[in-house]
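Participant: The structure is given below, and queries will be raised subsequently.
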Amino acid sequence: MKKRLFVKGNEAVAMGALEAGCRYYFGYPITPQNDIPEFMSREMPKVGGTFVQAESEVAAINMVLGAGAAGGRVMTSSSGPGISLKAEGMSFMAGSEVPAVIVNIQRPGPGLGGIDVSQADYFQAVKGAGHGGYHLIVLAPHSVQELYDLTMLAFDLADRYRIPAMVLGDAMLGQMKEALVPHAHQLPEDLPPKDWAITGKGGRAKGNAVKSLYLADGELEAHNWHLHAKYAQLKEKETRFEAVGLEDAELILTAFGGAARIVKTAIAMARKEGLKVGLIRPITVFPFPAEIYRTATAKTPKVLCVELNNGQMVEDVRLSVDPMADVRFYGRPGGTGSLPDPEEIFAQICKHYKD
Amino acid sequence: MSDNVFMAGYGGQGILLIGNLLACAAILENKNATYFPAYGPEKRGGAATCTVIVSREEIGSPVMGHPDSMLLFNQLAMDKYVNRIASGGLCIYNSCLVDEMPKLQTDIHKLAIPANEMAAELGNARLVNMVILGAYAARTGVVSMDSLKSGLDSILPERNKRFIPGNILALDCGAEYARKAAGRS
């Protein structure tokens with residue numbers, strides 16, 4: 001019998017990071033993710049790592065850039081408004097190919113918005129929050145266990161592809177507690193060496209440079225094609241999803257993160273009533289698991305996308321499905337007292353199933 | 001045994017603590033459990049709510065619109081939430097702070113507990129939450145009393161462990177009350 005702990009989602013992120021060998025954390029407080037820096041401030045020194053509560057989000061992300069450029073496993077965490085402030089640094093890291101993990105425990109917006117459950121930052125996450133047309137790897141856990149496991153995976157993917165990776169959680173996942181089975185992190189043996197890192201010139205003939213400024217003739221275009229090829233490689237090799245009950249489905253529900261939890265209960269209610277409803281849950285939202293949507297909707301054309309926002313992932317779903325598919329949407333943007341319950345989603349299933 | 005239970009009362013009555021304890025006890029019994037607190041600018045004397053779901057199956061939503069059980073700690077919580085209980089569900093409430101039962105729209109089971117008085121008799125007014133949790137566990141059998149007692153050791157910070165014997169007494173007291181009430185009905 002494996003040991004099962006009773007853990008809060010935010011703490012699971014921090015535990016996963018430490019287990020994956022993260023030894024640098026730079027952040028600035030914001031609800032609803034404060035348990036992450038709190039945990040890090042207590043536990044990071046115990047493993048000989050560095051915790052800094054920076055003077056601002058902008059300072060924190062640039063410390064992340066620095067530690068990442070020097071080859072360290074480094075993480076920051078925040079929520080919507082703080083991620084906006086970090087966007088410039090994330091763009092620089094994408095341009096400079098600096099691996100790091102950025103955690104967004106989403107809250108509703110825009111602006112300061114609120115502190116409740118929302119998935120308002122899907123666009124911000126998957127389209128690259130900052131300027132210049134880049135992508136991050138974006139992982140979307142839907143349980144405390146996945147917050148732990150996918151944070152570990154985020155570090156490995158970031159290092160493998162020299163790219164910043166985001167863990168996209170929300171206030172429901174961050175604040176809830178459930179069982180967590182801790183396990184040792186197995187560092188993949190085939191990760192490329194960080195021979196590009198700025199660690200001093202050492203014996204090298206030429207020192208390393210980590211930069212995002214390319215002014216020579218044709219240099220920047222070549223760099224961008226290189227980044228583009230990396231994104232194409234991610235789409236080919238690193239998509240992850242959970243699919244349930246597609247074999248006999250008449251209606252496919254799709255949702256990610258916290259919304260998928262509510263949808264799972266609604267599907268169980270529907271199945272109990274004899275409605276044949278399946279689920280596609282993207283685990284990577286960039287790269288988006290387009291192929292499963294295409295093949296599943298070739299057989300079952302009707303899809304209902306449920307999000308805790310006014311419709312963001314649904315655009316990626318529409319780009320992915322079979323041309324004849326019929327994609328519908330139900331969502332609410334979040335805020336105090338605005339979390340849909342499973343009964344509400346069940347009613348939507350009944351409506352779209354018949355119609 | 002599975003259940004989903006919503007708890008509500010004043011901030012400071014220990015609602016979140018017993019939510020934590022119940023979910024932790026279920027996990028000690030190797031069941032699945034979620035604990036989901038209402039998250040907001042909460043304060044002592046304000047509203048405090050949480051939902052705990054216990055199941056042998058994978059748990060989807062950590063909140064339900066119509067929970068099967070509710071633990072209601074004051075009149076405010078009673079007025080606001082009682083009519084959301086699923087038909088045939090259970091409402092355990094603190095009769096010391098609930099004077100009036102609102103008009104019920106569905107058929108539910110009720111168990112009134114004078115939890116403030118019982119806690120005062122035990123010598124600590126802050127044991128109200130444990131009295132009610134003990135009654136809930138005895139009435140539903142969702143978790144055993146033993147698991148709740150072991151759970152206390154897992155969830156309480158070191159500085160509060162000296163209160164464990166008093167909390168155990170209060171859990172037993174609530175359980176005893178629920179068993180006697182079942183005998184009467």
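Naming works like this for the structure tokens: A, B, ... for the chains as they're shown, residue 1 at the start of each chain, ligands 1 onward in shown order.
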Check every residue of chain A for an atom within 7 Å of chain B, counting only C-alpha atoms, and provide those that qualify as a list in words.

Facilitator: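 Residues of chain A within 7 Å of chain B, counting only C-alpha atoms: Phe6, Ile115, Asp116, Gln175, Met176, Lys177, Glu178, Ala179, Arg261, Ile262, Lys264, Thr265, Asp341, Pro342 and Glu343 of chain A.
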
Participant: Store the residues picked out above, limited to N, CA and C atoms, as an mmCIF file, in the first residue's frame.

Facilitator:
```cif
data_model
loop_
_atom_site.group_PDB
_atom_site.id
_atom_site.type_symbol
_atom_site.label_atom_id
_atom_site.label_comp_id
_atom_site.auth_asym_id
_atom_site.auth_seq_id
_atom_site.Cartn_x
_atom_site.Cartn_y
_atom_site.Cartn_z
ATOM 1 N N PHE A 6 -2.692 13.852 2.650
ATOM 2 C CA PHE A 6 -3.880 14.703 2.476
ATOM 3 C C PHE A 6 -3.345 16.119 2.277
ATOM 4 N N ILE A 115 -11.088 36.784 -6.506
ATOM 5 C CA ILE A 115 -10.145 35.770 -6.031
ATOM 6 C C ILE A 115 -10.746 34.370 -6.078
ATOM 7 N N ASP A 116 -11.859 34.231 -6.797
ATOM 8 C CA ASP A 116 -12.532 32.939 -6.822
ATOM 9 C C ASP A 116 -12.055 32.072 -7.993
ATOM 10 N N GLN A 175 -6.890 25.512 -3.866
ATOM 11 C CA GLN A 175 -7.383 25.594 -2.493
ATOM 12 C C GLN A 175 -7.949 24.288 -1.965
ATOM 13 N N MET A 176 -8.282 23.340 -2.862
ATOM 14 C CA MET A 176 -8.886 22.110 -2.349
ATOM 15 C C MET A 176 -7.804 21.150 -1.839
ATOM 16 N N LYS A 177 -8.249 20.244 -0.974
ATOM 17 C CA LYS A 177 -7.343 19.215 -0.471
ATOM 18 C C LYS A 177 -7.889 17.854 -0.865
ATOM 19 N N GLU A 178 -6.996 16.981 -1.257
ATOM 20 C CA GLU A 178 -7.378 15.582 -1.489
ATOM 21 C C GLU A 178 -6.137 14.706 -1.361
ATOM 22 N N ALA A 179 -6.304 13.435 -1.677
ATOM 23 C CA ALA A 179 -5.199 12.503 -1.465
ATOM 24 C C ALA A 179 -4.088 12.722 -2.485
ATOM 25 N N ARG A 261 -13.434 18.685 -13.546
ATOM 26 C CA ARG A 261 -13.914 17.996 -12.344
ATOM 27 C C ARG A 261 -15.438 18.069 -12.265
ATOM 28 N N ILE A 262 -15.960 19.272 -12.491
ATOM 29 C CA ILE A 262 -17.413 19.455 -12.422
ATOM 30 C C ILE A 262 -18.079 18.647 -13.533
ATOM 31 N N LYS A 264 -17.001 15.935 -14.952
ATOM 32 C CA LYS A 264 -16.963 14.488 -14.691
ATOM 33 C C LYS A 264 -18.157 14.042 -13.851
ATOM 34 N N THR A 265 -18.507 14.836 -12.839
ATOM 35 C CA THR A 265 -19.674 14.478 -12.022
ATOM 36 C C THR A 265 -20.957 14.591 -12.849
ATOM 37 N N ASP A 341 -22.446 24.359 -10.625
ATOM 38 C CA ASP A 341 -22.376 23.058 -9.958
ATOM 39 C C ASP A 341 -22.694 21.953 -10.965
ATOM 40 N N PRO A 342 -22.436 20.694 -10.592
ATOM 41 C CA PRO A 342 -22.637 19.594 -11.551
ATOM 42 C C PRO A 342 -24.076 19.507 -12.052
ATOM 43 N N GLU A 343 -25.034 19.868 -11.199
ATOM 44 C CA GLU A 343 -26.438 19.818 -11.612
ATOM 45 C C GLU A 343 -26.680 20.766 -12.786
#
```

Participant: Would you kindly return, as a ChimeraX atom specification, each protein, DNA or RNA residue with an atom no farther than 7 Å from any atom of segment 133-140 of chain B, considering only C-alpha atoms and excluding same-chain residues fewer than 3 positions away?

Facilitator: /B:18,129-130,143-145,171-172,174-175,177-179

Participant: Would you put the residues from that selection into a file with C-alpha atoms, as a PDB file, in the first residue's frame?

Facilitator:
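Listing of out17.pdb after writing:
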```pdb
ATOM      1  CA  ILE B  18     -13.954  19.676  10.899  1.00  0.00           C
ATOM      2  CA  ASN B 129     -17.728  21.744  15.900  1.00  0.00           C
ATOM      3  CA  MET B 130     -16.494  18.406  17.241  1.00  0.00           C
ATOM      4  CA  VAL B 143     -16.011   7.418   8.644  1.00  0.00           C
ATOM      5  CA  SER B 144     -15.331   5.604  11.905  1.00  0.00           C
ATOM      6  CA  MET B 145     -14.842   7.422  15.183  1.00  0.00           C
ATOM      7  CA  LEU B 171     -16.633  13.754  19.236  1.00  0.00           C
ATOM      8  CA  ASP B 172     -17.798  10.896  21.495  1.00  0.00           C
ATOM      9  CA  GLY B 174     -21.881  14.105  19.793  1.00  0.00           C
ATOM     10  CA  ALA B 175     -21.850  10.509  18.598  1.00  0.00           C
ATOM     11  CA  TYR B 177     -26.278  12.048  21.293  1.00  0.00           C
ATOM     12  CA  ALA B 178     -26.920  10.944  17.694  1.00  0.00           C
ATOM     13  CA  ARG B 179     -27.217   7.289  18.709  1.00  0.00           C
TER      14      ARG B 179
END
```

Participant: Do you know which residues are at most 12 Å from segment 224-238 of chain A counting only C-alpha atoms, after dropping those on the same chain fewer than 2 positions away, and could you put them as a VMD selection string?

Facilitator: chain A and resid 94 to 97 126 to 128 132 to 139 153 to 154 156 to 158 160 to 163 165 212 to 214 218 to 222 240 to 241 282 to 291

Participant: Emit the selected residues as a compact mmCIF listing (two decimals), in the first residue's frame, including N, CA and C atoms.

Facilitator:
```txt
# COMPACT_ATOMS: atom_id res chain seq x y z
N ALA A 94 11.25 33.07 -23.56
CA ALA A 94 10.91 32.29 -24.76
C ALA A 94 11.90 32.61 -25.87
N GLY A 95 12.20 33.91 -26.05
CA GLY A 95 13.14 34.33 -27.09
C GLY A 95 14.54 33.82 -26.83
N SER A 96 14.93 33.78 -25.56
CA SER A 96 16.29 33.35 -25.20
C SER A 96 16.38 31.86 -24.96
N GLU A 97 15.24 31.17 -25.08
CA GLU A 97 15.17 29.72 -24.85
C GLU A 97 15.68 29.33 -23.47
N VAL A 126 -2.07 30.05 -23.48
CA VAL A 126 -1.72 29.27 -24.67
C VAL A 126 -1.25 30.13 -25.84
N LYS A 127 -1.56 31.41 -25.80
CA LYS A 127 -1.11 32.27 -26.91
C LYS A 127 0.21 32.96 -26.56
N GLY A 128 0.80 32.63 -25.43
CA GLY A 128 2.03 33.32 -25.02
C GLY A 128 1.65 34.70 -24.51
N GLY A 132 5.60 39.24 -29.27
CA GLY A 132 6.58 38.62 -30.15
C GLY A 132 6.19 37.29 -30.77
N GLY A 133 5.01 36.75 -30.40
CA GLY A 133 4.56 35.55 -31.08
C GLY A 133 5.32 34.30 -30.69
N TYR A 134 5.20 33.89 -29.44
CA TYR A 134 5.87 32.68 -28.95
C TYR A 134 4.85 31.80 -28.24
N HIS A 135 5.26 30.63 -27.88
CA HIS A 135 4.41 29.75 -27.06
C HIS A 135 5.19 29.28 -25.84
N LEU A 136 4.43 28.95 -24.81
CA LEU A 136 4.96 28.20 -23.67
C LEU A 136 4.39 26.79 -23.79
N ILE A 137 5.01 25.81 -23.15
CA ILE A 137 4.31 24.56 -22.91
C ILE A 137 3.32 24.85 -21.79
N VAL A 138 2.07 24.46 -21.95
CA VAL A 138 1.08 24.74 -20.90
C VAL A 138 0.41 23.44 -20.47
N LEU A 139 0.60 23.07 -19.21
CA LEU A 139 0.02 21.86 -18.65
C LEU A 139 -1.17 22.24 -17.77
N LEU A 153 6.72 17.13 -14.40
CA LEU A 153 6.85 16.98 -15.85
C LEU A 153 7.23 18.31 -16.49
N ALA A 154 6.67 19.41 -15.97
CA ALA A 154 6.94 20.73 -16.54
C ALA A 154 8.44 21.03 -16.52
N ASP A 156 10.90 18.82 -16.58
CA ASP A 156 11.60 17.97 -17.56
C ASP A 156 11.36 18.45 -18.98
N LEU A 157 10.12 18.83 -19.30
CA LEU A 157 9.81 19.31 -20.66
C LEU A 157 10.54 20.62 -20.93
N ALA A 158 10.56 21.50 -19.91
CA ALA A 158 11.23 22.79 -20.07
C ALA A 158 12.70 22.57 -20.40
N ARG A 160 14.08 19.76 -21.62
CA ARG A 160 14.27 19.00 -22.87
C ARG A 160 14.17 19.92 -24.09
N TYR A 161 13.22 20.86 -24.04
CA TYR A 161 12.98 21.71 -25.22
C TYR A 161 13.54 23.13 -25.07
N ARG A 162 14.21 23.41 -23.99
CA ARG A 162 14.71 24.78 -23.72
C ARG A 162 13.60 25.80 -23.93
N ILE A 163 12.56 25.67 -23.09
CA ILE A 163 11.38 26.50 -23.25
C ILE A 163 10.75 26.72 -21.87
N ALA A 165 7.85 26.56 -19.28
CA ALA A 165 6.64 25.74 -19.21
C ALA A 165 5.73 26.31 -18.13
N SER A 212 17.93 37.44 -26.52
CA SER A 212 16.78 37.43 -27.42
C SER A 212 16.87 38.57 -28.45
N LEU A 213 18.00 39.22 -28.53
CA LEU A 213 18.18 40.32 -29.49
C LEU A 213 19.00 39.82 -30.68
N TYR A 214 18.40 39.89 -31.86
CA TYR A 214 19.07 39.41 -33.08
C TYR A 214 18.96 40.47 -34.15
N GLY A 218 18.92 38.64 -41.50
CA GLY A 218 18.34 37.29 -41.54
C GLY A 218 18.42 36.50 -40.26
N GLU A 219 19.13 37.03 -39.27
CA GLU A 219 19.38 36.28 -38.04
C GLU A 219 18.09 36.01 -37.25
N LEU A 220 17.27 37.05 -37.13
CA LEU A 220 16.05 36.92 -36.32
C LEU A 220 15.05 35.99 -36.99
N GLU A 221 14.94 36.10 -38.31
CA GLU A 221 14.01 35.21 -39.01
C GLU A 221 14.42 33.75 -38.79
N ALA A 222 15.70 33.49 -38.90
CA ALA A 222 16.18 32.12 -38.69
C ALA A 222 15.86 31.66 -37.27
N ARG A 240 -0.94 15.61 -24.59
CA ARG A 240 -1.46 14.66 -23.60
C ARG A 240 -2.92 14.98 -23.34
N PHE A 241 -3.71 13.92 -23.15
CA PHE A 241 -5.14 14.13 -22.89
C PHE A 241 -5.70 12.91 -22.18
N PRO A 282 -8.15 17.83 -22.30
CA PRO A 282 -6.75 18.10 -22.63
C PRO A 282 -5.94 18.23 -21.34
N ILE A 283 -4.79 17.60 -21.31
CA ILE A 283 -3.86 17.74 -20.18
C ILE A 283 -2.77 18.75 -20.58
N THR A 284 -2.36 18.70 -21.88
CA THR A 284 -1.57 19.81 -22.41
C THR A 284 -2.54 20.70 -23.18
N VAL A 285 -2.58 22.00 -22.87
CA VAL A 285 -3.43 22.88 -23.68
C VAL A 285 -2.58 23.63 -24.71
N PHE A 286 -1.27 23.74 -24.49
CA PHE A 286 -0.33 23.93 -25.59
C PHE A 286 0.84 23.00 -25.35
N PRO A 287 1.14 22.08 -26.25
CA PRO A 287 0.45 21.80 -27.50
C PRO A 287 -0.96 21.22 -27.27
N PHE A 288 -1.91 21.68 -28.09
CA PHE A 288 -3.30 21.24 -27.94
C PHE A 288 -3.48 19.87 -28.61
N PRO A 289 -4.16 18.94 -27.93
CA PRO A 289 -4.30 17.58 -28.49
C PRO A 289 -5.34 17.53 -29.61
N ALA A 290 -5.03 18.13 -30.74
CA ALA A 290 -5.99 18.31 -31.84
C ALA A 290 -6.47 16.97 -32.42
N GLU A 291 -5.54 16.03 -32.51
CA GLU A 291 -5.84 14.78 -33.23
C GLU A 291 -7.03 14.01 -32.62
```

Participant: Run DSSP on the backbone and tell me which residues of segment 24-64 of chain A come out as strand (DSSP E or B); list them as a list of chain:residue names.

Facilitator: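 Of segment 24-64 of chain A, the ones in strand (DSSP E or B) are A:Tyr24, A:Tyr25, A:Phe26, A:Gly27, A:Thr50, A:Phe51, A:Val52, A:Gln53.
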
Participant: Please provide as number ranges by chain all residues within 7 Å of segment 100-114 of chain A, with the sequence filter that same-chain residues fewer than 3 positions apart are discarded (counting only C-alpha atoms).

Facilitator: A: 32-33, 68, 73-81, 83, 117-121, 154-155, 158, 164-171, 174, 333-335

Participant: If DSSP is run on the backbone, what residues of segment 175-235 of chain A are helix (DSSP H, G or I)? A reply as number ranges by chain would be ideal.

Facilitator: A: 175, 219-235

Participant: Store the residues picked out above, limited to N, CA and C atoms, as a PDB file, in the first residue's frame.

Facilitator:
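As written to disk, out08.pdb reads:
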```
ATOM      1  N   GLN A 175      -6.890  25.512  -3.866  1.00  0.00           N
ATOM      2  CA  GLN A 175      -7.383  25.594  -2.493  1.00  0.00           C
ATOM      3  C   GLN A 175      -7.949  24.288  -1.965  1.00  0.00           C
ATOM      4  N   GLU A 219      19.131  37.034 -39.272  1.00  0.00           N
ATOM      5  CA  GLU A 219      19.384  36.285 -38.041  1.00  0.00           C
ATOM      6  C   GLU A 219      18.094  36.013 -37.251  1.00  0.00           C
ATOM      7  N   LEU A 220      17.274  37.053 -37.128  1.00  0.00           N
ATOM      8  CA  LEU A 220      16.050  36.919 -36.318  1.00  0.00           C
ATOM      9  C   LEU A 220      15.045  35.988 -36.992  1.00  0.00           C
ATOM     10  N   GLU A 221      14.944  36.098 -38.305  1.00  0.00           N
ATOM     11  CA  GLU A 221      14.014  35.210 -39.009  1.00  0.00           C
ATOM     12  C   GLU A 221      14.418  33.753 -38.785  1.00  0.00           C
ATOM     13  N   ALA A 222      15.695  33.489 -38.904  1.00  0.00           N
ATOM     14  CA  ALA A 222      16.184  32.119 -38.690  1.00  0.00           C
ATOM     15  C   ALA A 222      15.865  31.660 -37.271  1.00  0.00           C
ATOM     16  N   HIS A 223      16.044  32.561 -36.322  1.00  0.00           N
ATOM     17  CA  HIS A 223      15.748  32.224 -34.926  1.00  0.00           C
ATOM     18  C   HIS A 223      14.262  31.893 -34.759  1.00  0.00           C
ATOM     19  N   ASN A 224      13.416  32.701 -35.372  1.00  0.00           N
ATOM     20  CA  ASN A 224      11.976  32.451 -35.242  1.00  0.00           C
ATOM     21  C   ASN A 224      11.544  31.164 -35.935  1.00  0.00           C
ATOM     22  N   TRP A 225      12.172  30.838 -37.075  1.00  0.00           N
ATOM     23  CA  TRP A 225      11.864  29.548 -37.712  1.00  0.00           C
ATOM     24  C   TRP A 225      12.321  28.394 -36.822  1.00  0.00           C
ATOM     25  N   HIS A 226      13.413  28.609 -36.131  1.00  0.00           N
ATOM     26  CA  HIS A 226      13.895  27.592 -35.193  1.00  0.00           C
ATOM     27  C   HIS A 226      12.877  27.393 -34.056  1.00  0.00           C
ATOM     28  N   LEU A 227      12.367  28.511 -33.517  1.00  0.00           N
ATOM     29  CA  LEU A 227      11.353  28.403 -32.457  1.00  0.00           C
ATOM     30  C   LEU A 227      10.088  27.732 -33.001  1.00  0.00           C
ATOM     31  N   HIS A 228       9.713  28.114 -34.210  1.00  0.00           N
ATOM     32  CA  HIS A 228       8.521  27.547 -34.839  1.00  0.00           C
ATOM     33  C   HIS A 228       8.665  26.028 -34.982  1.00  0.00           C
ATOM     34  N   ALA A 229       9.836  25.581 -35.377  1.00  0.00           N
ATOM     35  CA  ALA A 229      10.085  24.144 -35.533  1.00  0.00           C
ATOM     36  C   ALA A 229       9.953  23.426 -34.188  1.00  0.00           C
ATOM     37  N   LYS A 230      10.372  24.133 -33.139  1.00  0.00           N
ATOM     38  CA  LYS A 230      10.253  23.560 -31.789  1.00  0.00           C
ATOM     39  C   LYS A 230       8.771  23.384 -31.418  1.00  0.00           C
ATOM     40  N   TYR A 231       7.954  24.376 -31.726  1.00  0.00           N
ATOM     41  CA  TYR A 231       6.516  24.278 -31.413  1.00  0.00           C
ATOM     42  C   TYR A 231       5.872  23.137 -32.217  1.00  0.00           C
ATOM     43  N   ALA A 232       6.322  22.997 -33.469  1.00  0.00           N
ATOM     44  CA  ALA A 232       5.789  21.905 -34.309  1.00  0.00           C
ATOM     45  C   ALA A 232       6.173  20.548 -33.719  1.00  0.00           C
ATOM     46  N   GLN A 233       7.389  20.475 -33.219  1.00  0.00           N
ATOM     47  CA  GLN A 233       7.860  19.232 -32.596  1.00  0.00           C
ATOM     48  C   GLN A 233       7.037  18.920 -31.335  1.00  0.00           C
ATOM     49  N   LEU A 234       6.726  19.950 -30.549  1.00  0.00           N
ATOM     50  CA  LEU A 234       5.901  19.765 -29.353  1.00  0.00           C
ATOM     51  C   LEU A 234       4.524  19.219 -29.743  1.00  0.00           C
ATOM     52  N   LYS A 235       3.938  19.806 -30.805  1.00  0.00           N
ATOM     53  CA  LYS A 235       2.607  19.356 -31.251  1.00  0.00           C
ATOM     54  C   LYS A 235       2.653  17.894 -31.673  1.00  0.00           C
TER      55      LYS A 235
END
```

Participant: Report the distance between atom CA of Lys272 of chain A and atom CA of Glu247 of chain A in Å, rounded to one decimal place.

Facilitator: 16.7 Å

Participant: Applying 10 Å and only C-alpha atoms, which residues near Gln53 of chain A remain after dropping the ones on its own chain fewer than 6 positions away? List them as a PDB file with N, CA and C atoms, in the first residue's frame.

Facilitator:
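Produced file result_5.pdb, reproduced below:
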```
ATOM      1  N   TYR A  25      13.408  29.592  -6.199  1.00  0.00           N
ATOM      2  CA  TYR A  25      12.030  30.082  -6.313  1.00  0.00           C
ATOM      3  C   TYR A  25      12.043  31.592  -6.084  1.00  0.00           C
ATOM      4  N   PHE A  26      11.466  32.329  -7.021  1.00  0.00           N
ATOM      5  CA  PHE A  26      11.347  33.778  -6.890  1.00  0.00           C
ATOM      6  C   PHE A  26       9.886  34.151  -7.129  1.00  0.00           C
ATOM      7  N   GLY A  27       9.287  34.899  -6.217  1.00  0.00           N
ATOM      8  CA  GLY A  27       7.874  35.204  -6.389  1.00  0.00           C
ATOM      9  C   GLY A  27       7.461  36.452  -5.654  1.00  0.00           C
ATOM     10  N   TYR A  28       6.199  36.785  -5.849  1.00  0.00           N
ATOM     11  CA  TYR A  28       5.602  37.919  -5.164  1.00  0.00           C
ATOM     12  C   TYR A  28       4.168  37.504  -4.823  1.00  0.00           C
ATOM     13  N   PRO A  29       3.710  37.781  -3.590  1.00  0.00           N
ATOM     14  CA  PRO A  29       2.427  37.198  -3.156  1.00  0.00           C
ATOM     15  C   PRO A  29       1.210  37.674  -3.961  1.00  0.00           C
ATOM     16  N   PRO A  37       4.364  30.119  -2.309  1.00  0.00           N
ATOM     17  CA  PRO A  37       5.540  30.767  -1.709  1.00  0.00           C
ATOM     18  C   PRO A  37       5.678  30.504  -0.213  1.00  0.00           C
ATOM     19  N   GLU A  38       4.553  30.355   0.489  1.00  0.00           N
ATOM     20  CA  GLU A  38       4.649  30.059   1.928  1.00  0.00           C
ATOM     21  C   GLU A  38       5.389  28.737   2.142  1.00  0.00           C
ATOM     22  N   SER A  41       9.063  29.109   1.118  1.00  0.00           N
ATOM     23  CA  SER A  41       9.880  29.881   2.064  1.00  0.00           C
ATOM     24  C   SER A  41      10.294  29.013   3.253  1.00  0.00           C
ATOM     25  N   ALA A  59      10.474  41.986 -10.967  1.00  0.00           N
ATOM     26  CA  ALA A  59      11.771  41.575 -10.424  1.00  0.00           C
ATOM     27  C   ALA A  59      11.846  40.055 -10.346  1.00  0.00           C
ATOM     28  N   ALA A  60      10.772  39.438  -9.863  1.00  0.00           N
ATOM     29  CA  ALA A  60      10.779  37.977  -9.679  1.00  0.00           C
ATOM     30  C   ALA A  60      11.025  37.258 -11.000  1.00  0.00           C
TER      31      ALA A  60
END
```

Participant: Quick one: distance from atom CA of Gly82 of chain A to atom CA of Thr199 of chain A in Å, one decimal?

Facilitator: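 These atoms are spaced 29.4 Å apart.
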